[in-house]
file work.cif (mmCIF, C-alpha atoms)
data_start
#
loop_
_atom_site.label_atom_id
_atom_site.label_comp_id
_atom_site.auth_asym_id
_atom_site.auth_seq_id
_atom_site.Cartn_x
_atom_site.Cartn_y
_atom_site.Cartn_z
CA MET H 1 183.36 179.70 -41.11
CA LYS H 2 184.50 180.13 -44.66
CA GLN H 3 185.48 183.64 -45.68
CA ASN H 4 182.78 185.44 -47.72
CA SER H 5 180.20 182.66 -47.26
CA PRO H 6 176.68 183.96 -46.52
CA SER H 7 176.74 182.85 -42.87
CA GLU H 8 180.16 184.36 -42.29
CA ARG H 9 178.93 187.66 -43.77
CA LEU H 10 175.83 187.67 -41.53
CA TYR H 11 177.93 186.94 -38.43
CA ASN H 12 180.39 189.64 -39.42
CA GLY H 13 177.67 192.24 -39.86
CA ILE H 14 175.67 191.47 -36.75
CA ILE H 15 178.43 190.75 -34.22
CA LYS H 16 182.00 191.23 -35.35
CA GLU H 17 181.73 194.50 -37.22
CA ASN H 18 178.43 195.75 -35.86
CA PRO H 19 178.01 199.08 -37.66
CA THR H 20 176.67 201.01 -34.68
CA PHE H 21 178.65 199.75 -31.72
CA VAL H 22 181.92 198.69 -33.35
CA LEU H 23 182.30 200.85 -36.43
CA LEU H 24 180.34 203.84 -35.06
CA LEU H 25 178.73 204.56 -38.40
CA GLY H 26 175.38 206.11 -39.17
CA MET H 27 175.04 208.12 -35.98
CA CYS H 28 172.32 210.47 -37.23
CA PRO H 29 169.46 207.95 -37.51
CA THR H 30 170.83 206.02 -34.52
CA LEU H 31 170.21 208.96 -32.25
CA ALA H 32 167.32 210.67 -33.95
CA ILE H 33 164.67 208.00 -34.43
CA THR H 34 165.35 205.71 -31.47
CA THR H 35 162.63 207.25 -29.32
CA SER H 36 160.87 203.88 -29.33
CA ALA H 37 161.74 200.28 -30.14
CA VAL H 38 159.19 200.14 -32.96
CA ASN H 39 160.77 203.13 -34.69
CA GLY H 40 164.15 201.44 -34.29
CA ILE H 41 162.94 198.25 -36.01
CA GLY H 42 161.26 200.26 -38.77
CA MET H 43 164.32 202.34 -39.48
CA GLY H 44 166.61 199.34 -39.20
CA LEU H 45 164.63 197.19 -41.64
CA THR H 46 164.26 200.07 -44.09
CA THR H 47 168.01 200.58 -44.03
CA THR H 48 168.57 196.82 -44.37
CA VAL H 49 166.48 196.64 -47.53
CA ILE H 50 168.28 199.60 -49.08
CA LEU H 51 171.69 198.34 -48.00
CA ALA H 52 171.12 194.86 -49.42
CA ALA H 53 169.66 196.14 -52.69
CA SER H 54 172.34 198.75 -53.26
CA ASN H 55 175.14 196.33 -52.34
CA LEU H 56 173.77 193.82 -54.83
CA MET H 57 173.40 196.41 -57.56
CA ILE H 58 176.82 197.97 -57.00
CA SER H 59 178.44 194.56 -56.93
CA LEU H 60 176.75 193.66 -60.25
CA LEU H 61 177.92 196.94 -61.75
CA ARG H 62 181.40 196.86 -60.24
CA ASN H 63 183.14 196.06 -63.51
CA PHE H 64 181.22 198.69 -65.46
CA ILE H 65 181.57 201.76 -63.24
CA PRO H 66 184.73 203.71 -64.10
CA ASP H 67 186.92 204.17 -61.07
CA ARG H 68 186.97 207.95 -61.31
CA VAL H 69 183.24 208.48 -61.05
CA ARG H 70 182.46 205.64 -58.69
CA MET H 71 181.32 207.82 -55.77
CA PRO H 72 178.67 209.77 -57.74
CA ALA H 73 177.57 206.49 -59.34
CA TYR H 74 177.15 204.83 -55.92
CA ILE H 75 175.23 207.83 -54.63
CA VAL H 76 172.82 207.67 -57.55
CA VAL H 77 172.23 203.93 -57.02
CA VAL H 78 171.60 204.42 -53.31
CA ALA H 79 169.39 207.47 -53.84
CA SER H 80 167.26 205.58 -56.36
CA PHE H 81 166.64 202.74 -53.92
CA VAL H 82 165.89 205.22 -51.15
CA THR H 83 163.30 206.92 -53.34
CA ILE H 84 161.67 203.59 -54.20
CA VAL H 85 161.54 202.50 -50.57
CA GLN H 86 160.24 205.90 -49.52
CA MET H 87 157.33 205.60 -51.97
CA LEU H 88 156.57 202.04 -50.84
CA LEU H 89 156.51 203.13 -47.19
CA GLN H 90 154.31 206.10 -48.00
CA GLY H 91 151.90 203.82 -49.82
CA PHE H 92 151.78 200.80 -47.53
CA ILE H 93 152.97 201.79 -44.02
CA PRO H 94 151.95 205.45 -43.73
CA THR H 95 152.26 205.49 -39.92
CA LEU H 96 155.93 204.47 -40.06
CA TYR H 97 156.46 206.90 -42.92
CA SER H 98 155.20 209.82 -40.89
CA SER H 99 157.05 208.86 -37.71
CA LEU H 100 160.40 208.50 -39.51
CA GLY H 101 159.78 211.63 -41.57
CA ILE H 102 162.83 213.37 -42.95
CA TYR H 103 165.17 210.60 -41.83
CA ILE H 104 164.02 208.29 -44.65
CA PRO H 105 165.47 210.40 -47.47
CA LEU H 106 168.49 211.02 -45.25
CA ILE H 107 169.35 207.31 -45.48
CA VAL H 108 171.17 208.36 -48.68
CA VAL H 109 173.91 209.99 -46.65
CA ASN H 110 174.09 207.20 -44.08
CA CYS H 111 177.79 206.36 -43.86
CA ILE H 112 177.06 202.64 -43.48
CA ILE H 113 175.67 202.32 -47.00
CA LEU H 114 178.37 204.20 -48.89
CA GLY H 115 180.96 202.68 -46.59
CA ARG H 116 179.90 199.12 -47.44
CA ALA H 117 179.61 199.97 -51.13
CA GLU H 118 183.16 201.27 -51.16
CA ALA H 119 184.72 198.78 -48.79
CA TYR H 120 182.97 195.57 -49.78
CA ALA H 121 180.49 195.54 -52.66
CA SER H 122 182.83 197.18 -55.14
CA LYS H 123 185.35 194.37 -54.73
CA ASN H 124 183.27 191.23 -54.16
CA PRO H 125 180.80 189.04 -56.06
CA PRO H 126 177.04 189.74 -55.89
CA VAL H 127 175.88 186.97 -53.53
CA ALA H 128 178.48 187.73 -50.88
CA SER H 129 177.72 191.45 -51.21
CA LEU H 130 174.00 190.83 -50.82
CA PHE H 131 174.57 188.91 -47.62
CA ASP H 132 177.06 191.49 -46.43
CA GLY H 133 174.33 194.09 -46.86
CA ILE H 134 171.76 191.98 -45.05
CA GLY H 135 174.19 191.23 -42.22
CA MET H 136 175.22 194.84 -41.75
CA GLY H 137 171.60 195.95 -41.96
CA LEU H 138 170.51 193.42 -39.34
CA GLY H 139 173.40 194.46 -37.11
CA PHE H 140 172.21 198.05 -37.42
CA THR H 141 168.60 196.98 -36.75
CA VAL H 142 169.52 195.03 -33.63
CA SER H 143 171.56 197.87 -32.18
CA ILE H 144 169.11 200.67 -32.82
CA THR H 145 166.24 198.54 -31.58
CA CYS H 146 168.21 198.00 -28.35
CA ILE H 147 168.80 201.73 -27.97
CA GLY H 148 165.14 202.42 -28.76
CA ALA H 149 163.97 199.82 -26.24
CA VAL H 150 166.14 201.29 -23.46
CA ARG H 151 164.92 204.80 -24.16
CA GLU H 152 161.30 203.76 -24.40
CA LEU H 153 161.48 201.69 -21.22
CA ILE H 154 163.08 204.42 -19.12
CA GLY H 155 161.34 207.34 -20.77
CA ALA H 156 157.81 205.99 -20.95
CA GLY H 157 157.78 202.71 -19.04
CA ALA H 158 156.74 200.89 -22.21
CA LEU H 159 158.27 198.39 -24.61
CA PHE H 160 157.23 198.12 -28.28
CA GLY H 161 154.26 200.33 -27.44
CA HIS H 162 153.00 198.11 -24.59
CA GLN H 163 152.97 199.54 -21.11
CA ILE H 164 155.33 197.32 -19.10
CA ILE H 165 155.60 199.34 -15.90
CA PRO H 166 152.34 200.80 -14.57
CA LEU H 167 152.58 204.58 -14.55
CA ALA H 168 151.99 206.77 -11.55
CA ASP H 169 148.61 208.49 -11.34
CA ALA H 170 148.16 212.23 -11.71
CA ALA H 171 149.02 212.81 -8.05
CA GLY H 172 152.33 211.05 -8.64
CA LYS H 173 151.56 208.09 -6.38
CA GLY H 174 151.74 204.34 -6.82
CA GLY H 175 153.73 203.48 -9.88
CA TYR H 176 156.50 204.58 -12.14
CA GLN H 177 157.29 208.21 -12.78
CA PRO H 178 158.67 208.19 -16.32
CA VAL H 179 161.99 209.96 -16.91
CA THR H 180 160.77 211.92 -19.90
CA ILE H 181 164.21 213.26 -20.77
CA PHE H 182 165.12 209.86 -22.17
CA VAL H 183 162.67 210.16 -25.04
CA LEU H 184 163.83 213.72 -25.70
CA ALA H 185 167.01 214.66 -27.55
CA PRO H 186 169.51 214.61 -24.63
CA GLY H 187 168.44 211.09 -23.65
CA ALA H 188 169.70 209.77 -26.97
CA PHE H 189 173.18 211.05 -26.20
CA PHE H 190 173.12 209.65 -22.66
CA VAL H 191 171.97 206.17 -23.68
CA LEU H 192 174.52 205.88 -26.47
CA ALA H 193 177.22 207.20 -24.13
CA ALA H 194 176.34 204.57 -21.53
CA LEU H 195 176.25 201.77 -24.09
CA SER H 196 179.60 202.66 -25.60
CA ALA H 197 181.10 203.09 -22.13
CA ILE H 198 179.99 199.54 -21.32
CA GLN H 199 181.54 198.39 -24.57
CA ASN H 200 184.79 200.19 -23.74
CA LYS H 201 184.78 198.48 -20.35
CA PHE H 202 184.67 195.06 -22.01
CA LYS H 203 187.40 196.06 -24.43
CA ILE H 204 189.66 197.22 -21.61
CA GLY H 205 188.99 193.96 -19.78
CA ALA H 206 189.77 191.96 -22.90
CA ALA H 207 192.97 193.88 -23.46
CA LYS H 208 194.08 193.19 -19.88
CA ARG H 209 193.54 189.48 -20.32
CA GLY H 210 195.83 189.67 -23.31
CA ILE H 211 193.17 189.29 -25.96
CA ASP H 212 193.61 191.67 -28.81
CA PRO H 213 190.46 193.77 -29.00
CA SER H 214 189.06 193.63 -32.51
CA ASN H 215 188.78 197.36 -32.91
CA SER H 216 190.69 199.17 -30.21
CA GLY H 217 190.38 202.56 -31.84
CA SER H 218 187.20 203.67 -30.15
CA GLY H 219 187.82 206.94 -31.93
CA CYS H 220 184.97 209.34 -31.79
CA GLY H 221 183.48 209.51 -35.21
CA GLY H 222 186.52 207.63 -36.45
CA GLY H 223 184.27 205.56 -38.65
CA CYS H 224 182.75 208.59 -40.20
CA ALA H 225 186.08 210.29 -40.63
CA ALA H 226 187.21 207.21 -42.49
CA CYS H 227 184.02 207.40 -44.49
CA GLY H 228 184.76 211.01 -45.30
CA ASN H 229 188.25 210.01 -46.30
CA THR H 230 186.94 207.52 -48.81
CA MET H 231 184.85 210.34 -50.17
CA CYS H 232 187.98 212.47 -50.32
CA SER H 233 189.92 209.85 -52.20
CA GLY H 234 187.00 209.32 -54.51
CA LYS H 235 186.89 213.00 -55.24
CA GLY H 236 190.64 213.22 -55.56
CA GLY H 237 190.52 210.45 -58.09
CA LYS H 238 187.87 212.25 -60.02
CA GLU H 239 189.84 215.44 -60.11
CA SER H 240 193.09 214.03 -61.35
CA MET V 241 160.99 240.81 -41.39
CA LYS V 242 159.44 239.35 -38.28
CA GLU V 243 158.98 236.07 -40.07
CA MET V 244 162.66 235.99 -41.09
CA LEU V 245 163.73 236.67 -37.53
CA LEU V 246 161.54 233.83 -36.37
CA ILE V 247 163.09 231.46 -38.91
CA ILE V 248 166.59 232.47 -37.83
CA VAL V 249 166.00 232.04 -34.10
CA SER V 250 164.15 228.79 -34.60
CA ALA V 251 166.75 227.24 -36.91
CA ALA V 252 169.87 228.43 -35.10
CA LEU V 253 168.90 227.99 -31.48
CA VAL V 254 165.58 226.33 -30.74
CA ASN V 255 165.78 223.51 -33.27
CA ASN V 256 169.55 223.37 -33.24
CA VAL V 257 170.58 221.13 -36.10
CA VAL V 258 173.01 219.00 -34.10
CA LEU V 259 171.60 218.97 -30.61
CA SER V 260 167.93 218.55 -31.33
CA GLN V 261 167.72 217.16 -34.86
CA PHE V 262 170.90 215.05 -34.82
CA LEU V 263 172.02 216.10 -38.27
CA GLY V 264 175.71 216.55 -38.99
CA LEU V 265 176.73 214.47 -36.00
CA CYS V 266 179.70 212.87 -37.75
CA ALA V 267 181.40 216.21 -38.28
CA PHE V 268 180.26 217.39 -34.85
CA LEU V 269 181.93 214.45 -33.11
CA GLY V 270 184.86 214.06 -35.49
CA VAL V 271 186.13 217.61 -36.04
CA SER V 272 185.56 219.11 -32.58
CA LYS V 273 188.93 218.40 -31.00
CA THR V 274 190.23 221.99 -31.07
CA THR V 275 188.40 225.29 -31.42
CA ASN V 276 190.44 226.31 -34.47
CA THR V 277 189.49 223.33 -36.59
CA ALA V 278 185.93 223.52 -35.29
CA ALA V 279 185.67 227.15 -36.37
CA GLY V 280 187.13 226.23 -39.75
CA MET V 281 184.60 223.48 -40.21
CA GLY V 282 181.83 225.84 -39.08
CA GLY V 283 182.87 228.42 -41.63
CA ALA V 284 182.92 225.86 -44.42
CA VAL V 285 179.51 224.54 -43.39
CA ILE V 286 177.95 228.03 -43.30
CA PHE V 287 179.31 228.70 -46.77
CA VAL V 288 178.19 225.41 -48.32
CA ILE V 289 174.76 225.14 -46.65
CA THR V 290 173.78 228.71 -47.52
CA LEU V 291 174.79 228.20 -51.12
CA SER V 292 173.28 224.74 -51.43
CA SER V 293 169.96 225.70 -49.87
CA PHE V 294 169.75 228.60 -52.31
CA VAL V 295 170.53 226.40 -55.32
CA THR V 296 168.33 223.50 -54.25
CA SER V 297 165.29 225.68 -53.60
CA LEU V 298 165.88 227.41 -56.95
CA ILE V 299 166.00 224.09 -58.77
CA TYR V 300 163.07 222.68 -56.82
CA LYS V 301 160.90 225.66 -57.61
CA PHE V 302 161.79 226.23 -61.27
CA ILE V 303 162.64 222.75 -62.53
CA LEU V 304 161.18 220.01 -60.36
CA VAL V 305 157.78 221.53 -59.59
CA PRO V 306 156.89 222.69 -63.15
CA LEU V 307 157.93 219.32 -64.58
CA ASP V 308 156.10 217.38 -61.88
CA LEU V 309 159.27 215.60 -60.84
CA THR V 310 159.18 216.35 -57.13
CA TYR V 311 159.51 212.65 -56.28
CA LEU V 312 163.07 212.81 -57.65
CA GLN V 313 164.06 215.39 -55.03
CA THR V 314 166.35 213.10 -53.00
CA ILE V 315 168.43 212.05 -56.02
CA VAL V 316 168.54 215.54 -57.49
CA PHE V 317 169.46 217.23 -54.21
CA ILE V 318 172.29 214.87 -53.32
CA LEU V 319 173.78 215.22 -56.80
CA ILE V 320 173.49 219.01 -56.65
CA ILE V 321 175.22 219.06 -53.29
CA ALA V 322 178.04 216.77 -54.39
CA ALA V 323 178.57 218.76 -57.57
CA LEU V 324 178.33 222.06 -55.73
CA VAL V 325 180.93 221.11 -53.16
CA GLN V 326 183.27 220.01 -55.93
CA PHE V 327 182.63 223.22 -57.85
CA VAL V 328 183.11 225.46 -54.83
CA GLU V 329 186.36 223.69 -54.10
CA MET V 330 187.65 224.30 -57.64
CA PHE V 331 186.49 227.91 -57.62
CA LEU V 332 188.13 228.68 -54.29
CA LYS V 333 191.33 226.95 -55.30
CA LYS V 334 191.63 229.14 -58.37
CA ASN V 335 190.28 232.49 -57.21
CA MET V 336 190.44 232.74 -53.44
CA THR V 337 193.52 230.87 -52.40
CA ALA V 338 193.57 232.19 -48.84
CA LEU V 339 190.01 231.04 -48.15
CA TYR V 340 190.72 227.72 -49.87
CA LYS V 341 193.68 227.12 -47.58
CA ALA V 342 191.56 227.92 -44.56
CA LEU V 343 188.64 225.66 -45.54
CA GLY V 344 190.47 223.24 -47.83
CA VAL V 345 190.46 220.00 -45.89
CA TYR V 346 186.91 220.44 -44.61
CA LEU V 347 185.18 220.99 -47.92
CA PRO V 348 185.16 217.39 -49.23
CA LEU V 349 184.03 216.16 -45.82
CA ILE V 350 180.89 218.24 -46.11
CA THR V 351 179.26 216.12 -48.82
CA THR V 352 178.81 213.37 -46.23
CA ASN V 353 177.42 215.86 -43.73
CA CYS V 354 173.75 215.03 -43.58
CA ALA V 355 172.90 218.53 -42.39
CA VAL V 356 173.34 219.81 -45.94
CA LEU V 357 170.83 217.40 -47.44
CA GLY V 358 168.68 217.73 -44.34
CA VAL V 359 168.30 221.50 -44.74
CA ALA V 360 167.38 221.12 -48.40
CA LEU V 361 164.68 218.60 -47.50
CA ILE V 362 163.38 220.66 -44.57
CA ASN V 363 163.04 223.66 -46.89
CA VAL V 364 160.82 221.59 -49.18
CA GLN V 365 158.89 220.07 -46.30
CA LYS V 366 158.12 223.44 -44.74
CA ASP V 367 157.25 224.95 -48.10
CA TYR V 368 159.80 227.75 -47.79
CA GLY V 369 160.34 230.10 -50.74
CA ILE V 370 163.78 230.82 -52.13
CA LEU V 371 164.62 233.69 -49.76
CA GLN V 372 163.20 231.92 -46.70
CA GLY V 373 165.00 228.73 -47.67
CA THR V 374 168.33 230.49 -47.99
CA VAL V 375 167.85 232.27 -44.67
CA ASN V 376 166.87 228.99 -43.04
CA GLY V 377 169.99 227.34 -44.45
CA PHE V 378 172.22 230.12 -43.21
CA ALA V 379 170.68 230.08 -39.74
CA THR V 380 170.90 226.29 -39.49
CA ALA V 381 174.57 226.45 -40.40
CA VAL V 382 175.14 229.18 -37.82
CA GLY V 383 173.51 226.91 -35.25
CA PHE V 384 175.86 224.12 -36.28
CA THR V 385 178.86 226.43 -35.91
CA ILE V 386 177.74 227.61 -32.48
CA SER V 387 177.38 224.09 -31.18
CA ILE V 388 180.59 222.70 -32.70
CA VAL V 389 182.70 225.60 -31.42
CA LEU V 390 181.20 225.28 -27.93
CA MET V 391 181.83 221.55 -28.03
CA ALA V 392 185.44 222.05 -29.09
CA GLY V 393 185.96 224.53 -26.25
CA ILE V 394 184.61 222.04 -23.74
CA ARG V 395 186.68 219.21 -25.19
CA GLU V 396 189.85 221.28 -24.89
CA LYS V 397 189.11 221.59 -21.16
CA ILE V 398 188.11 217.94 -20.81
CA ALA V 399 191.53 216.90 -22.09
CA TYR V 400 193.01 217.99 -18.74
CA ASN V 401 190.43 216.24 -16.61
CA ASN V 402 190.58 212.86 -15.02
CA ILE V 403 187.90 210.77 -16.71
CA PRO V 404 187.02 207.17 -15.77
CA LYS V 405 188.71 204.79 -18.16
CA SER V 406 185.60 203.41 -19.81
CA PHE V 407 184.26 206.90 -20.46
CA GLN V 408 187.35 208.17 -22.22
CA GLY V 409 186.98 209.18 -25.84
CA PHE V 410 183.60 208.74 -27.42
CA PRO V 411 181.31 208.29 -24.35
CA ILE V 412 182.37 211.46 -22.52
CA VAL V 413 181.86 213.48 -25.69
CA LEU V 414 178.35 212.08 -26.01
CA ILE V 415 177.55 212.92 -22.39
CA THR V 416 178.81 216.46 -22.96
CA ALA V 417 176.61 216.69 -26.04
CA GLY V 418 173.64 215.49 -23.98
CA LEU V 419 174.22 218.16 -21.36
CA MET V 420 174.53 220.77 -24.10
CA ALA V 421 171.26 219.55 -25.57
CA ILE V 422 169.57 220.06 -22.18
CA ALA V 423 171.00 223.57 -22.06
CA PHE V 424 169.68 224.28 -25.55
CA PHE V 425 166.20 223.27 -24.41
CA GLY V 426 166.25 226.55 -22.54
CA PHE V 427 165.92 228.35 -25.86
CA SER V 428 162.56 226.77 -26.59
CA GLY V 429 160.93 229.53 -24.59
CA LEU V 430 162.09 232.04 -27.20
CA ILE V 431 159.40 231.34 -29.76
#

call {"tool": "encode", "arguments": {"input": "work.cif", "output": "structure tokens"}}
result
Amino acid sequence: MKQNSPSERLYNGIIKENPTFVLLLGMCPTLAITTSAVNGIGMGLTTTVILAASNLMISLLRNFIPDRVRMPAYIVVVASFVTIVQMLLQGFIPTLYSSLGIYIPLIVVNCIILGRAEAYASKNPPVASLFDGIGMGLGFTVSITCIGAVRELIGAGALFGHQIIPLADAAGKGGYQPVTIFVLAPGAFFVLAALSAIQNKFKIGAAKRGIDPSNSGSGCGGGCAACGNTMCSGKGGKES
Amino acid sequence: MKEMLLIIVSAALVNNVVLSQFLGLCAFLGVSKTTNTAAGMGGAVIFVITLSSFVTSLIYKFILVPLDLTYLQTIVFILIIAALVQFVEMFLKKNMTALYKALGVYLPLITTNCAVLGVALINVQKDYGILQGTVNGFATAVGFTISIVLMAGIREKIAYNNIPKSFQGFPIVLITAGLMAIAFFGFSGLI
């Protein structure tokens, strides 16, 4: 696939540089709202819209924003889109709005968005940036929907709100006894731990077969540290 | 007084910012390798969150509400926090060199810490006044410090253990965090 073509960008975002599983970015929403698959899709699509819009806008403005104040400028662009989307959700999908709650405005500080703005949109033309945003957003959506589905299935025996496994009756007989801890806070940590352990397993296998793993640094929060570093450099630039 | 105590216990222990609300996870996972750095980060977070929750609730109450601009809260808050962190950094560098050296590297990292914005938004959501908001911010930050220092202590021990290959690094830290979250559920009986 040609570099920077729309399809290459989508593939890159969804598979190659999946923001959740490969880059380990945006952990807060990943863990907090994945109590069900529907919440995962809602959060993922909301983030996708904001990511695509802010990537497009930042790419269009990339020659006008002075280098020294680029971080504050990006934050304002992202925060504006977040506010718009928040109002739209409140007006048209109030149920999703109330179930995502405080995590909608917190999309502003999602590392994925500022990370893509800094790493891609500020250096590339608008169309490629738009598709980069869509690809990254869809990658994020797919992964958090997966996590949400696992948690919902184990924790409540349901999938997308439909009861898949019949639950046990009050006496605890005949059926599935849901493992409630998976929809509570600790379950989020366990599911993500299991998923990234599986991913590590594949990476180790790939390394043994002599294939260079694409991102061997499975550093904990490495992505976010990098994100923080870009913030640092941005601030440093502003200071000097 | 009783109300304040309730806010403190609830924010620091029962609704621990990292383990039950998942805010500030990046810093929690990234800067918890040794207890010293974790304590440093905790100190910086306490300082910044207390200050920022005071300033944001002040601005919310006296500028945004009278002008009917509450829908701009997200933009305003994030800019205040970014500016505040920058300002605190400059102030410390000039006037309190010792503290600046202790917190130095952690300060810029805090802007990306979603706990700071999260506390400001929670203060608005729960309709806290200026004093309550500041107390809530302080207690939340103390909760963050408690959990990150505990985590760092555990990780220092884990370093000597024999962990299955696929669980090394990120996964084992997450499992530890999950177990800590279960332990913190015990506090929910407090209020």

call {"tool": "closest_residue", "arguments": {"input": "work.cif", "among": "H:Ser129, H:Thr20, H:Thr95, H:Thr48", "to": "Glu8 (chain H)", "atoms": "all atoms listed in the file"}}
result
H:Ser129

call {"tool": "atom_distance", "arguments": {"input": "work.cif", "atom1": "CA of Asn255 (chain V)", "atom2": "CA of Gly187 (chain H)"}}
result
15.9 Å

call {"tool": "resolve_selection", "arguments": {"input": "work.cif", "expression": "the PyMOL selection byres ((chain H and resi 140-143) around 8)", "output": "list in words"}}
result
Ile14, Asn18, Pro19, Thr20, Phe21, Gly40, Ile41, Met43, Gly44, Leu45, Thr48, Met136, Gly137, Leu138, Gly139, Ile144, Thr145, Cys146 and Ile147 of chain H

call {"tool": "write_last_selection", "arguments": {"input": "work.cif", "atoms": "C-alpha atoms", "output": "tab-separated table (two decimals), keeping the file's coordinate frame"}}
result
chain	number	residue	atom	x	y	z
H	14	ILE	CA	175.67	191.47	-36.75
H	18	ASN	CA	178.43	195.75	-35.86
H	19	PRO	CA	178.01	199.08	-37.66
H	20	THR	CA	176.67	201.01	-34.68
H	21	PHE	CA	178.65	199.75	-31.72
H	40	GLY	CA	164.15	201.44	-34.29
H	41	ILE	CA	162.94	198.25	-36.01
H	43	MET	CA	164.32	202.34	-39.48
H	44	GLY	CA	166.61	199.34	-39.20
H	45	LEU	CA	164.63	197.19	-41.64
H	48	THR	CA	168.57	196.82	-44.37
H	136	MET	CA	175.22	194.84	-41.75
H	137	GLY	CA	171.60	195.95	-41.96
H	138	LEU	CA	170.51	193.42	-39.34
H	139	GLY	CA	173.40	194.46	-37.11
H	144	ILE	CA	169.11	200.67	-32.82
H	145	THR	CA	166.24	198.54	-31.58
H	146	CYS	CA	168.21	198.00	-28.35
H	147	ILE	CA	168.80	201.73	-27.97

call {"tool": "closest_residue", "arguments": {"input": "work.cif", "among": "V:Phe424, V:Tyr400, V:Tyr368, V:Phe262", "to": "Ala355 (chain V)", "atoms": "only C-alpha atoms"}}
result
V:Phe262

call {"tool": "residues_around", "arguments": {"input": "work.cif", "residues": "region 307-320 of chain V", "least_positions_apart": "5", "cutoff": "10 Å", "atoms": "all atoms listed in the file", "output": "PyMOL selection string"}}
result
(chain H and resi 72-73+75-84+86-87+104-109) or (chain V and resi 292-293+295-297+299-302+325-326+351-352+354+356-358+360-361+364)

call {"tool": "write_last_selection", "arguments": {"input": "work.cif", "atoms": "C-alpha atoms", "output": "mmCIF file, keeping the file's coordinate frame"}}
result
data_model
loop_
_atom_site.group_PDB
_atom_site.id
_atom_site.type_symbol
_atom_site.label_atom_id
_atom_site.label_comp_id
_atom_site.auth_asym_id
_atom_site.auth_seq_id
_atom_site.Cartn_x
_atom_site.Cartn_y
_atom_site.Cartn_z
ATOM 1 C CA PRO H 72 178.670 209.770 -57.740
ATOM 2 C CA ALA H 73 177.570 206.490 -59.340
ATOM 3 C CA ILE H 75 175.230 207.830 -54.630
ATOM 4 C CA VAL H 76 172.820 207.670 -57.550
ATOM 5 C CA VAL H 77 172.230 203.930 -57.020
ATOM 6 C CA VAL H 78 171.600 204.420 -53.310
ATOM 7 C CA ALA H 79 169.390 207.470 -53.840
ATOM 8 C CA SER H 80 167.260 205.580 -56.360
ATOM 9 C CA PHE H 81 166.640 202.740 -53.920
ATOM 10 C CA VAL H 82 165.890 205.220 -51.150
ATOM 11 C CA THR H 83 163.300 206.920 -53.340
ATOM 12 C CA ILE H 84 161.670 203.590 -54.200
ATOM 13 C CA GLN H 86 160.240 205.900 -49.520
ATOM 14 C CA MET H 87 157.330 205.600 -51.970
ATOM 15 C CA ILE H 104 164.020 208.290 -44.650
ATOM 16 C CA PRO H 105 165.470 210.400 -47.470
ATOM 17 C CA LEU H 106 168.490 211.020 -45.250
ATOM 18 C CA ILE H 107 169.350 207.310 -45.480
ATOM 19 C CA VAL H 108 171.170 208.360 -48.680
ATOM 20 C CA VAL H 109 173.910 209.990 -46.650
ATOM 21 C CA SER V 292 173.280 224.740 -51.430
ATOM 22 C CA SER V 293 169.960 225.700 -49.870
ATOM 23 C CA VAL V 295 170.530 226.400 -55.320
ATOM 24 C CA THR V 296 168.330 223.500 -54.250
ATOM 25 C CA SER V 297 165.290 225.680 -53.600
ATOM 26 C CA ILE V 299 166.000 224.090 -58.770
ATOM 27 C CA TYR V 300 163.070 222.680 -56.820
ATOM 28 C CA LYS V 301 160.900 225.660 -57.610
ATOM 29 C CA PHE V 302 161.790 226.230 -61.270
ATOM 30 C CA VAL V 325 180.930 221.110 -53.160
ATOM 31 C CA GLN V 326 183.270 220.010 -55.930
ATOM 32 C CA THR V 351 179.260 216.120 -48.820
ATOM 33 C CA THR V 352 178.810 213.370 -46.230
ATOM 34 C CA CYS V 354 173.750 215.030 -43.580
ATOM 35 C CA VAL V 356 173.340 219.810 -45.940
ATOM 36 C CA LEU V 357 170.830 217.400 -47.440
ATOM 37 C CA GLY V 358 168.680 217.730 -44.340
ATOM 38 C CA ALA V 360 167.380 221.120 -48.400
ATOM 39 C CA LEU V 361 164.680 218.600 -47.500
ATOM 40 C CA VAL V 364 160.820 221.590 -49.180
#

call {"tool": "atom_distance", "arguments": {"input": "work.cif", "atom1": "CA of Gly133 (chain H)", "atom2": "CA of Thr35 (chain H)"}}
result
24.9 Å

call {"tool": "atom_distance", "arguments": {"input": "work.cif", "atom1": "CA of Tyr340 (chain V)", "atom2": "CA of Val288 (chain V)"}}
result
12.8 Å

call {"tool": "interface_residues", "arguments": {"input": "work.cif", "of": "chain V", "to": "chain H", "cutoff": "8 Å", "atoms": "all atoms listed in the file", "output": "ChimeraX atom specification"}}
result
/V:259-267,269-270,311-312,314-315,318-319,322,326,348-349,352-354,357-358,361-362,405-407,409-415,417-422

call {"tool": "closest_residue", "arguments": {"input": "work.cif", "among": "H:Ser122, H:Ala158, H:Leu96, H:Val183", "to": "Phe64 (chain H)", "atoms": "only C-alpha atoms"}}
result
H:Ser122

call {"tool": "resolve_selection", "arguments": {"input": "work.cif", "expression": "the PyMOL selection byres ((chain V and resi 377-394) around 6)", "output": "PyMOL selection string"}}
result
chain V and resi 248+251-252+256+268+272-275+278-279+282+286+289-290+293+374-376+395-397

call {"tool": "resolve_selection", "arguments": {"input": "work.cif", "expression": "the PyMOL selection byres ((chain H and resi 177) around 7)", "output": "VMD selection string"}}
result
chain H and resid 167 to 168 175 to 176 178 to 179

call {"tool": "residues_around", "arguments": {"input": "work.cif", "residues": "Leu130 (chain H)", "least_positions_apart": "3", "cutoff": "9 Å", "atoms": "only C-alpha atoms", "output": "ChimeraX atom specification"}}
result
/H:6,51-57,59,121,125-127,133-135

call {"tool": "closest_residue", "arguments": {"input": "work.cif", "among": "V:Phe294, V:Phe287, V:Tyr346, V:Phe425", "to": "Gly373 (chain V)", "atoms": "only C-alpha atoms"}}
result
V:Phe294
